[in-house]
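Novice: Before we start, here is the structure in question, set down as structure tokens.
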Amino acid sequence: MIKMKNVTMAYDGVNPALDEINLQVDRGEFVFLVGPSGSGKSTLIKLLIRELVPTKGEIFIAGHDVVHMKTKKVHLLRRNVGCVFQDFKLLPNKTAYENVAFALEVIGKPEHAIKVQAPEVLKLVGLNGKFDRYPGELSGGEQQRVSLARAFVNRPPLLLADEPTGNLDPNISLEIMSLLDRINKTGTTVLMATHDREMVNNVRKRVVALEHGKLIRDQARGVYGYED
Amino acid sequence: MIKMKNVTMAYDGVNPALDEINLQVDRGEFVFLVGPSGSGKSTLIKLLIRELVPTKGEIFIAGHDVVHMKTKKVHLLRRNVGCVFQDFKLLPNKTAYENVAFALEVIGKPEHAIKVQAPEVLKLVGLNGKFDRYPGELSGGEQQRVSLARAFVNRPPLLLADEPTGNLDPNISLEIMSLLDRINKTGTTVLMATHDREMVNNVRKRVVALEHGKLIRDQARGVYGYED
Amino acid sequence: MRIKPIYFAREAIDNMCKNFAMSSAAISTAALSLFLVGVFLLMFFIWNSFTVETLSKLEIEVFLKDTAASEQVQEFQNKILSWDEVDTIKYVSKDEALERLKEKLKDKPEILQAMTGNPLPPSIRIFLRDAHSTEMIVGKIRNYPNLESVVENSKQDIKYGAEYIDKLFSIISIIGWVGLSAAALLCFASIVLIINTLRLNIFARRKEVAIMRLVGASKWFVRWPFLLEGMLQGLIGATIAIGFLYFIKVWVLRKVIEMIPFLNISISGPLFTKLMLGMILGGILIGATGSSIALRRFLKV
Amino acid sequence: MRIKPIYFAREAIDNMCKNFAMSSAAISTAALSLFLVGVFLLMFFIWNSFTVETLSKLEIEVFLKDTAASEQVQEFQNKILSWDEVDTIKYVSKDEALERLKEKLKDKPEILQAMTGNPLPPSIRIFLRDAHSTEMIVGKIRNYPNLESVVENSKQDIKYGAEYIDKLFSIISIIGWVGLSAAALLCFASIVLIINTLRLNIFARRKEVAIMRLVGASKWFVRWPFLLEGMLQGLIGATIAIGFLYFIKVWVLRKVIEMIPFLNISISGPLFTKLMLGMILGGILIGATGSSIALRRFLKV
Ligand SMILES: Nc1ncnc2c1ncn2[C@@H]1O[C@H](COP(=O)(O)OP(=O)(O)OP(=O)(O)O)[C@@H](O)[C@H]1O
Ligand SMILES: Nc1ncnc2c1ncn2[C@@H]1O[C@H](COP(=O)(O)OP(=O)(O)OP(=O)(O)O)[C@@H](O)[C@H]1O
Ligand SMILES: [Mg+2]
Ligand SMILES: [Mg+2]
């Protein structure tokens, strides 16, 4: 599903935020991306949805060459990759419902289908009764859940989640985690950047660890850190 | 230091996000504010710096009536209350250094003093070498640390921190926690909203728990949740 | 993929209402600058109708020999009338010429008193369709084969205020030229001003554009609502401008006409209709192109 | 608390550079709209110098009895000259009057040929400082006690083109009035347009304003850099506008003068200097007020 070959990303052209990353994620896998703050997790995710173009290296998603993709084709890639952004990236002038619906409008879903799917997903992340709130009227954690709902509402084959539980309390985090697990079980590949040591250690999935932009560990059924 | 009397905050005038809160925090205390997502932690903090005005009730900080304060006096309050915002609230057109320096410029510190204090604090939160980066060029966790640095650079007697470690890995979180502890030891009152169960449970400080806008627990040397 | 015109239209209107501060700025800018263009064009039209009127009063007068045979004069007249550029001609007899002189000199009766007999020759007054052909017609008259049989002196007896015409033409052309440059300048300015506000609006919303793209919106999916919004703002601006212009046309112009009744100022209905249509189309066009130009750099995500 | 003028100035310049898209829009809007105002005022000045010239050519002519005694004429002249409104007078003898008639009628020699003797009376031409006092001076002349000793018929022999003056005045006043309204409209438009862009700029940065306030900045601490930035943008805009105006004054006007040399168009240096100063001050003022008005609602945090 994801294939990164010698990917280097240097924002300033000199100091790489990601350094010669080689990573392969197969269809249906669940991967935790861990690493200290500033180690390059978000950068890696941004590369996968082509928010950024790498300085060097090749990236393939479902066989498509992400690096050399034309700008006017990029939206087709992004429709197949749901993404929970670390800073949520909600549209400020749209309600929670409209934000989620937007991901469906974009792929041309008919209105009646949207009216069914969007509320369903919002309920799944525990936002029942807050459909008509604007992002500015939601708490941090609620915004994060809208972002999550938007990311998987159109059932993309690949789901990227950048610290999707950073603003959530342990209970809801657990629920979200089991939700992601269920989504994964239906065949969706999930790559999740996280700092939540407990969660990573409890579920024991594949763990990819970054440090200073280098891939320092890739462990099936791994843990958050060695020190555990 | 903080005194809240029957404080109710209803954004829409009907459903209270905070409901009849009574809270007293003495000078020099360290208080964890916990509660599930959407329980009203951020709202409480916003009330304390008068980003919001409560629907009902009285709030005093260091004896000053926050609710009836004139708009043109509010900045004097805010200079004495450092705040780490959940969404960082960094000035996008200023570098990390300038963002921190801004909190000093605002109180009329002379340039030479600023040139000493701002870098010192930035180093303390582990951002050495990233002084000249704009917020957009920092990782989520790095932005959060800039926000933290800005909050305490002018040594305010009261420090409010809204999930200051939400985007940080466990190691840095621990460092930040011990930093806050040290700040607290020098006499600063600290109120910290957090979801980090491990941290709360490890340090055993006073814990104030919110749920659905109600203060449900206020425990000296408490833990994150009862279920522990 | 289904195209969703209703969705786009709703989005456009929604955005306009939700960003009231921004759209009101765009609309008022469009209204004001189109209004300026419109006022200027109105003034230009009025000026034009003046010059047309003034020029239509120019004439050529050919003074005839007292001795010219009437058949030859008749033939000469027919010849002149046969030219396309000539509108009408008028024969002025010796007596009529004296009457006209008396009328002209009614302030100075002593001159008439001092005159003996009627020294004035008969003449033909020639009115042209377009004053610009004056010189050409004068040339044609001078080349009339039997001229010497009707006119004494072809230099002196064909009068058309050569000097006056030159001055008039150059003033009219300079004012026309200045007016045209000013019109071009105003149009240019109004385009730049409108595009400026649209650019600022879209600049303020560049993050939204980026988010839409990141969530999988195609360029056109992002562009359509902005385009429609720009067009709508242009349209509303133009409509407001037309409203004010109409007020000026109906009310202010009436006042002006009351104050100077001797100049007959008027603006023809069809011309005004054309102006209105032009402004509306212009507003929509500027709105659309402005938005899409401004969008371009933010769509490259 | 220390006030930090240097910090504020640096902030203002910094912001302007960093928000290039926004400040360029503000500057170009200011430049364009001030330029429009400037061009219009230039045209107005030129028009004004025309009317002054035209009006200065108006005169009163008093035709004298052939039989008037020369001392009485002299006394009459002295009286007229003693009035403040009168600039100069000129005595025209019978012979000079005939010369002038000959000059005027040089196109129609047949009339002069038909005249016997010199029927023309001598006259006094009176030139006023200001054409507006024409009627008043005519009234004074009519009230001159010894008038009948020098003038035959006080109705007929005092000429000043009453009808012509009325028309001219009402045209001039109407054009002045239209010009003034247009000037007011343009000034108003340019103020609104500049303030619109500043409003949009500040709107786009409202979150920054809120953040500054939340971090403890006083209202003035936030306001100063925006104020200076607005002033700077107004200043730069005005400077650019003046640059283009200067080009027009020097280059375009020369072309125009070449094309119509018989109208003597010119703009006095001091007037232009005043215009430049006015535009610069206007730009700065609009920038400052625009910014602070736009800021107000966002400062209430
Ligand atoms: N736009 C940018 N320009 C320059 N450097 C950048 C930019 N964005 C990120 N960086 C740097 O690249 C490195 C990796 O950033 P990244 O956002 O990928 O970290 P992260 O692993 O997501 O961290 P966090 O857990 O704090 O979100 C950091 O050192 C950061 O400072
Ligand atoms: N501007 C607003 N308008 C209306 N409702 C709001 C607004 N801001 C917050 N709320 C609601 O008030 C409640 C409390 O929000 P608050 O941000 O205080 O939660 P929180 O405890 O900080 O949650 P989190 O841990 O997710 O940040 C939530 O239900 C939220 O939806
Ligand atoms: Mg990150
Ligand atoms: Mg919160």
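Chain labels A, B, ... are given in the sequence in which chains occur in the structure tokens; within each chain residues are numbered consecutively from 1, and ligands are likewise numbered from 1 in the order shown.
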Within 9 Å of B:Glu20, counting only C-alpha atoms, which residues show up once you throw out same-chain ones fewer than 2 positions away? Write them as a PDB file with N, CA, C and O atoms, in the first residue's frame, please.

Specialist:
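Output (around.pdb):
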```pdb
ATOM      1  N   LYS B   5     -16.815  31.878  42.113  1.00  0.00           N
ATOM      2  CA  LYS B   5     -18.011  31.690  42.930  1.00  0.00           C
ATOM      3  C   LYS B   5     -19.230  31.482  42.045  1.00  0.00           C
ATOM      4  O   LYS B   5     -19.602  32.375  41.296  1.00  0.00           O
ATOM      5  N   ASN B   6     -19.822  30.292  42.114  1.00  0.00           N
ATOM      6  CA  ASN B   6     -21.045  29.981  41.352  1.00  0.00           C
ATOM      7  C   ASN B   6     -20.935  30.379  39.889  1.00  0.00           C
ATOM      8  O   ASN B   6     -21.833  30.979  39.326  1.00  0.00           O
ATOM      9  N   VAL B   7     -19.790  30.055  39.290  1.00  0.00           N
ATOM     10  CA  VAL B   7     -19.579  30.478  37.913  1.00  0.00           C
ATOM     11  C   VAL B   7     -20.294  29.545  36.952  1.00  0.00           C
ATOM     12  O   VAL B   7     -20.087  28.332  36.969  1.00  0.00           O
ATOM     13  N   THR B   8     -21.140  30.140  36.125  1.00  0.00           N
ATOM     14  CA  THR B   8     -21.821  29.384  35.079  1.00  0.00           C
ATOM     15  C   THR B   8     -21.490  30.026  33.747  1.00  0.00           C
ATOM     16  O   THR B   8     -21.487  31.247  33.619  1.00  0.00           O
ATOM     17  N   MET B   9     -21.170  29.184  32.791  1.00  0.00           N
ATOM     18  CA  MET B   9     -20.884  29.699  31.445  1.00  0.00           C
ATOM     19  C   MET B   9     -21.699  28.903  30.458  1.00  0.00           C
ATOM     20  O   MET B   9     -21.523  27.690  30.323  1.00  0.00           O
ATOM     21  N   PRO B  16     -25.278  24.968  29.802  1.00  0.00           N
ATOM     22  CA  PRO B  16     -24.031  25.457  30.400  1.00  0.00           C
ATOM     23  C   PRO B  16     -22.858  24.540  30.088  1.00  0.00           C
ATOM     24  O   PRO B  16     -22.959  23.317  30.218  1.00  0.00           O
ATOM     25  N   LEU B  18     -20.077  25.269  31.641  1.00  0.00           N
ATOM     26  CA  LEU B  18     -19.624  25.199  33.040  1.00  0.00           C
ATOM     27  C   LEU B  18     -20.843  25.514  33.899  1.00  0.00           C
ATOM     28  O   LEU B  18     -21.595  26.449  33.603  1.00  0.00           O
ATOM     29  N   ASN B  22     -17.527  26.342  41.817  1.00  0.00           N
ATOM     30  CA  ASN B  22     -16.904  27.029  42.943  1.00  0.00           C
ATOM     31  C   ASN B  22     -15.499  26.462  43.109  1.00  0.00           C
ATOM     32  O   ASN B  22     -15.335  25.261  43.247  1.00  0.00           O
ATOM     33  N   LYS B  56     -22.777  33.937  34.515  1.00  0.00           N
ATOM     34  CA  LYS B  56     -23.208  34.181  35.881  1.00  0.00           C
ATOM     35  C   LYS B  56     -22.018  33.917  36.796  1.00  0.00           C
ATOM     36  O   LYS B  56     -21.135  33.127  36.446  1.00  0.00           O
ATOM     37  N   GLY B  57     -21.980  34.561  37.938  1.00  0.00           N
ATOM     38  CA  GLY B  57     -20.959  34.234  38.913  1.00  0.00           C
ATOM     39  C   GLY B  57     -19.829  35.249  38.994  1.00  0.00           C
ATOM     40  O   GLY B  57     -19.774  36.203  38.230  1.00  0.00           O
ATOM     41  N   GLY B 213     -19.367  19.866  32.617  1.00  0.00           N
ATOM     42  CA  GLY B 213     -19.414  21.230  33.123  1.00  0.00           C
ATOM     43  C   GLY B 213     -19.568  21.342  34.626  1.00  0.00           C
ATOM     44  O   GLY B 213     -19.610  22.434  35.179  1.00  0.00           O
ATOM     45  N   LYS B 214     -19.674  20.216  35.299  1.00  0.00           N
ATOM     46  CA  LYS B 214     -19.804  20.263  36.755  1.00  0.00           C
ATOM     47  C   LYS B 214     -18.498  19.863  37.406  1.00  0.00           C
ATOM     48  O   LYS B 214     -17.778  18.995  36.919  1.00  0.00           O
ATOM     49  N   LEU B 215     -18.203  20.520  38.537  1.00  0.00           N
ATOM     50  CA  LEU B 215     -17.009  20.141  39.288  1.00  0.00           C
ATOM     51  C   LEU B 215     -17.384  18.908  40.112  1.00  0.00           C
ATOM     52  O   LEU B 215     -18.179  19.011  41.050  1.00  0.00           O
TER      53      LEU B 215
END
```

Novice: Give as a VMD selection string the residues surrounding ligand 3 up to a distance of 12 Å, considering only C-alpha atoms and all ligand atoms.

Specialist: (chain A and resid 17 33 to 46 84 to 88 161 to 164 166 192 to 195 210) or (chain B and resid 136 to 144 166 to 169)

Novice: Pull out every residue of chain C sitting within 7 Å of chain A, counting only C-alpha atoms, and send them as a PyMOL selection string.

Specialist: chain C and resi 1-2+208+211+213-219+300-301

Novice: Would you list which chain C residues are within 8 Å of chain D using only C-alpha atoms, as an mmCIF file with N, CA and C atoms, in the first residue's frame?

Specialist:
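Done, and the output landed in out.cif:
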```cif
data_model
loop_
_atom_site.group_PDB
_atom_site.id
_atom_site.type_symbol
_atom_site.label_atom_id
_atom_site.label_comp_id
_atom_site.auth_asym_id
_atom_site.auth_seq_id
_atom_site.Cartn_x
_atom_site.Cartn_y
_atom_site.Cartn_z
ATOM 1 N N ALA C 21 -18.087 40.738 6.279
ATOM 2 C CA ALA C 21 -17.119 41.841 6.288
ATOM 3 C C ALA C 21 -16.379 41.896 4.963
ATOM 4 N N MET C 22 -15.954 40.722 4.507
ATOM 5 C CA MET C 22 -15.188 40.696 3.275
ATOM 6 C C MET C 22 -16.059 40.958 2.058
ATOM 7 N N ALA C 25 -17.031 44.529 1.612
ATOM 8 C CA ALA C 25 -15.930 45.335 1.070
ATOM 9 C C ALA C 25 -15.833 45.152 -0.433
ATOM 10 N N THR C 29 -16.638 48.097 -3.094
ATOM 11 C CA THR C 29 -15.590 48.508 -4.027
ATOM 12 C C THR C 29 -16.095 48.424 -5.463
ATOM 13 N N LEU C 32 -18.701 51.213 -6.081
ATOM 14 C CA LEU C 32 -18.103 52.543 -6.194
ATOM 15 C C LEU C 32 -17.340 52.706 -7.491
ATOM 16 N N SER C 33 -16.498 51.718 -7.819
ATOM 17 C CA SER C 33 -15.653 51.965 -8.978
ATOM 18 C C SER C 33 -16.462 51.870 -10.260
ATOM 19 N N LEU C 36 -18.177 55.180 -10.588
ATOM 20 C CA LEU C 36 -17.297 56.222 -11.129
ATOM 21 C C LEU C 36 -17.200 56.104 -12.638
ATOM 22 N N ASP C 107 -27.751 95.737 -32.843
ATOM 23 C CA ASP C 107 -27.114 96.526 -31.791
ATOM 24 C C ASP C 107 -26.464 97.794 -32.318
ATOM 25 N N GLU C 110 -26.406 102.358 -36.329
ATOM 26 C CA GLU C 110 -25.750 103.444 -37.073
ATOM 27 C C GLU C 110 -25.065 102.927 -38.339
ATOM 28 N N ILE C 111 -24.598 101.663 -38.279
ATOM 29 C CA ILE C 111 -23.937 101.125 -39.467
ATOM 30 C C ILE C 111 -24.945 100.952 -40.591
ATOM 31 N N ALA C 114 -25.909 104.067 -42.170
ATOM 32 C CA ALA C 114 -24.889 104.639 -43.043
ATOM 33 C C ALA C 114 -24.795 103.900 -44.372
ATOM 34 N N MET C 115 -25.522 102.735 -44.541
ATOM 35 C CA MET C 115 -25.416 101.941 -45.753
ATOM 36 C C MET C 115 -26.411 102.435 -46.787
ATOM 37 N N THR C 116 -25.959 102.453 -48.033
ATOM 38 C CA THR C 116 -26.865 102.846 -49.100
ATOM 39 C C THR C 116 -27.127 101.643 -49.984
ATOM 40 N N GLY C 117 -28.380 101.400 -50.283
ATOM 41 C CA GLY C 117 -28.761 100.281 -51.152
ATOM 42 C C GLY C 117 -28.507 98.952 -50.471
ATOM 43 N N ASN C 118 -28.483 97.872 -51.232
ATOM 44 C CA ASN C 118 -28.220 96.548 -50.702
ATOM 45 C C ASN C 118 -26.969 96.003 -51.351
ATOM 46 N N PRO C 119 -25.830 96.097 -50.618
ATOM 47 C CA PRO C 119 -24.559 95.661 -51.203
ATOM 48 C C PRO C 119 -24.390 94.152 -51.148
ATOM 49 N N LEU C 120 -25.322 93.422 -50.499
ATOM 50 C CA LEU C 120 -25.083 92.001 -50.210
ATOM 51 C C LEU C 120 -25.456 91.116 -51.387
ATOM 52 N N GLN C 156 -12.638 83.852 -52.078
ATOM 53 C CA GLN C 156 -13.222 84.735 -51.092
ATOM 54 C C GLN C 156 -14.699 84.451 -50.847
ATOM 55 N N LYS C 167 -9.666 74.955 -35.137
ATOM 56 C CA LYS C 167 -9.589 75.056 -33.676
ATOM 57 C C LYS C 167 -10.600 74.145 -33.017
ATOM 58 N N SER C 170 -9.675 70.569 -33.228
ATOM 59 C CA SER C 170 -8.579 70.119 -32.383
ATOM 60 C C SER C 170 -8.983 70.129 -30.915
ATOM 61 N N ILE C 171 -9.862 71.100 -30.531
ATOM 62 C CA ILE C 171 -10.340 71.073 -29.157
ATOM 63 C C ILE C 171 -11.186 69.825 -28.927
ATOM 64 N N ILE C 174 -8.987 66.860 -28.839
ATOM 65 C CA ILE C 174 -8.168 66.755 -27.630
ATOM 66 C C ILE C 174 -9.049 66.338 -26.453
ATOM 67 N N LEU C 186 -9.992 55.036 -15.856
ATOM 68 C CA LEU C 186 -11.004 54.691 -14.856
ATOM 69 C C LEU C 186 -11.385 53.223 -14.935
ATOM 70 N N ALA C 189 -8.559 51.366 -13.540
ATOM 71 C CA ALA C 189 -8.538 51.519 -12.083
ATOM 72 C C ALA C 189 -9.619 50.674 -11.450
ATOM 73 N N VAL C 192 -8.629 47.069 -11.454
ATOM 74 C CA VAL C 192 -7.577 46.791 -10.464
ATOM 75 C C VAL C 192 -8.149 46.823 -9.053
ATOM 76 N N LEU C 193 -8.989 47.825 -8.779
ATOM 77 C CA LEU C 193 -9.520 47.966 -7.426
ATOM 78 C C LEU C 193 -10.396 46.782 -7.058
ATOM 79 N N ASN C 196 -8.275 43.772 -6.624
ATOM 80 C CA ASN C 196 -7.553 43.895 -5.352
ATOM 81 C C ASN C 196 -8.364 43.372 -4.174
ATOM 82 N N THR C 197 -9.608 43.797 -4.096
ATOM 83 C CA THR C 197 -10.414 43.331 -2.955
ATOM 84 C C THR C 197 -10.676 41.837 -3.055
ATOM 85 N N LEU C 200 -7.690 40.103 -1.883
ATOM 86 C CA LEU C 200 -7.576 40.112 -0.419
ATOM 87 C C LEU C 200 -8.541 39.113 0.199
ATOM 88 N N ASN C 201 -9.754 39.066 -0.333
ATOM 89 C CA ASN C 201 -10.730 38.115 0.192
ATOM 90 C C ASN C 201 -10.206 36.699 0.096
ATOM 91 N N PHE C 203 -7.135 35.808 -0.379
ATOM 92 C CA PHE C 203 -5.923 35.667 0.432
ATOM 93 C C PHE C 203 -6.293 35.325 1.879
ATOM 94 N N ALA C 204 -7.318 36.014 2.387
ATOM 95 C CA ALA C 204 -7.731 35.759 3.768
ATOM 96 C C ALA C 204 -8.251 34.340 3.930
ATOM 97 N N VAL C 256 -29.983 70.010 -13.308
ATOM 98 C CA VAL C 256 -29.026 70.694 -14.168
ATOM 99 C C VAL C 256 -29.760 71.328 -15.332
ATOM 100 N N MET C 259 -31.393 74.393 -14.401
ATOM 101 C CA MET C 259 -30.482 75.513 -14.186
ATOM 102 C C MET C 259 -29.942 76.091 -15.488
ATOM 103 N N ILE C 260 -29.686 75.268 -16.467
ATOM 104 C CA ILE C 260 -29.237 75.803 -17.765
ATOM 105 C C ILE C 260 -30.128 75.284 -18.875
ATOM 106 N N PHE C 262 -30.930 76.532 -21.626
ATOM 107 C CA PHE C 262 -30.587 76.866 -23.010
ATOM 108 C C PHE C 262 -29.677 75.823 -23.658
#
```

Novice: With only C-alpha atoms as the counted atoms, please give the residues lying no more than 6 Å from B:Ala118, apart from itself and same-chain residues fewer than 2 positions off, as an MDAnalysis selection string.

Specialist: chainID B and resid 100:101 114 116 120:121

Novice: In Å, rounded to a single decimal, give me how far atom CA of D:Phe20 is from atom CA of D:Gly38.

Specialist: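 We find that atom CA of D:Gly38 and atom CA of D:Phe20 lie 25.8 Å from each other.
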
Novice: Could you pull out all residues of stretch 101-172 of chain A with a DSSP call of strand (DSSP E) and give them as a VMD selection string?

Specialist: chain A and resid 158 to 162

Novice: In terms of the shortest atom-to-atom distance over only C-alpha atoms, which of B:Gly126, B:Gly13, B:Gly28, B:Pro170 is closest to chain A?

Specialist: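 Counting only C-alpha atoms, the residue closest to chain A is B:Pro170.
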
Novice: Mind giving me the straight-line distance from atom CA of B:Leu159 to atom CA of B:Lys70 in Å, one decimal?

Specialist: 21.9 Å

Novice: Quick check, in Å to one decimal: how far apart do atom CA of C:Lys207 and atom CA of C:Glu11 lie?

Specialist: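 A separation of 16.7 Å between them.
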
Novice: Taking only C-alpha atoms and all ligand atoms into account, name the residue in A:Asn15, A:Thr165, A:Thr189, A:Asn154 that is nearest to ligand 2.

Specialist: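 Answer, going by the shortest atom-to-atom distance: A:Thr165.
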
Novice: Which is closest to D:Gly290 among D:Ile13, D:Ile191, D:Leu42, D:Ile137, if we use only C-alpha atoms?

Specialist: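 Looking only at the distances to D:Gly290, the closest residue turns out to be D:Ile191.
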
Novice: Counting only C-alpha atoms, figure out which residue out of D:Glu96, D:Glu53, D:Glu229, D:Glu258 gets nearest to D:Ser291.

Specialist: D:Glu229

Novice: I'd like the contact shell of B:Met4 - 10 Å cut-off, only C-alpha atoms, skipping same-chain residues fewer than 6 positions apart - returned as a VMD selection string.

Specialist: chain B and resid 20 to 25 44 47 to 48 57 to 61 66

Novice: With only C-alpha atoms as the basis for distance, which of B:Asn184, B:Ser147, B:Ser173, B:Asn202 is at the shortest distance from chain A?

Specialist: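 Once distances to chain A are computed over only C-alpha atoms, the minimum belongs to B:Ser173.
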
Novice: Return the single residue from B:Ser178, B:Thr95, B:Asn201, B:Thr186 that is closest to ligand 1, with distances computed using only C-alpha atoms and all ligand atoms.

Specialist: B:Thr95
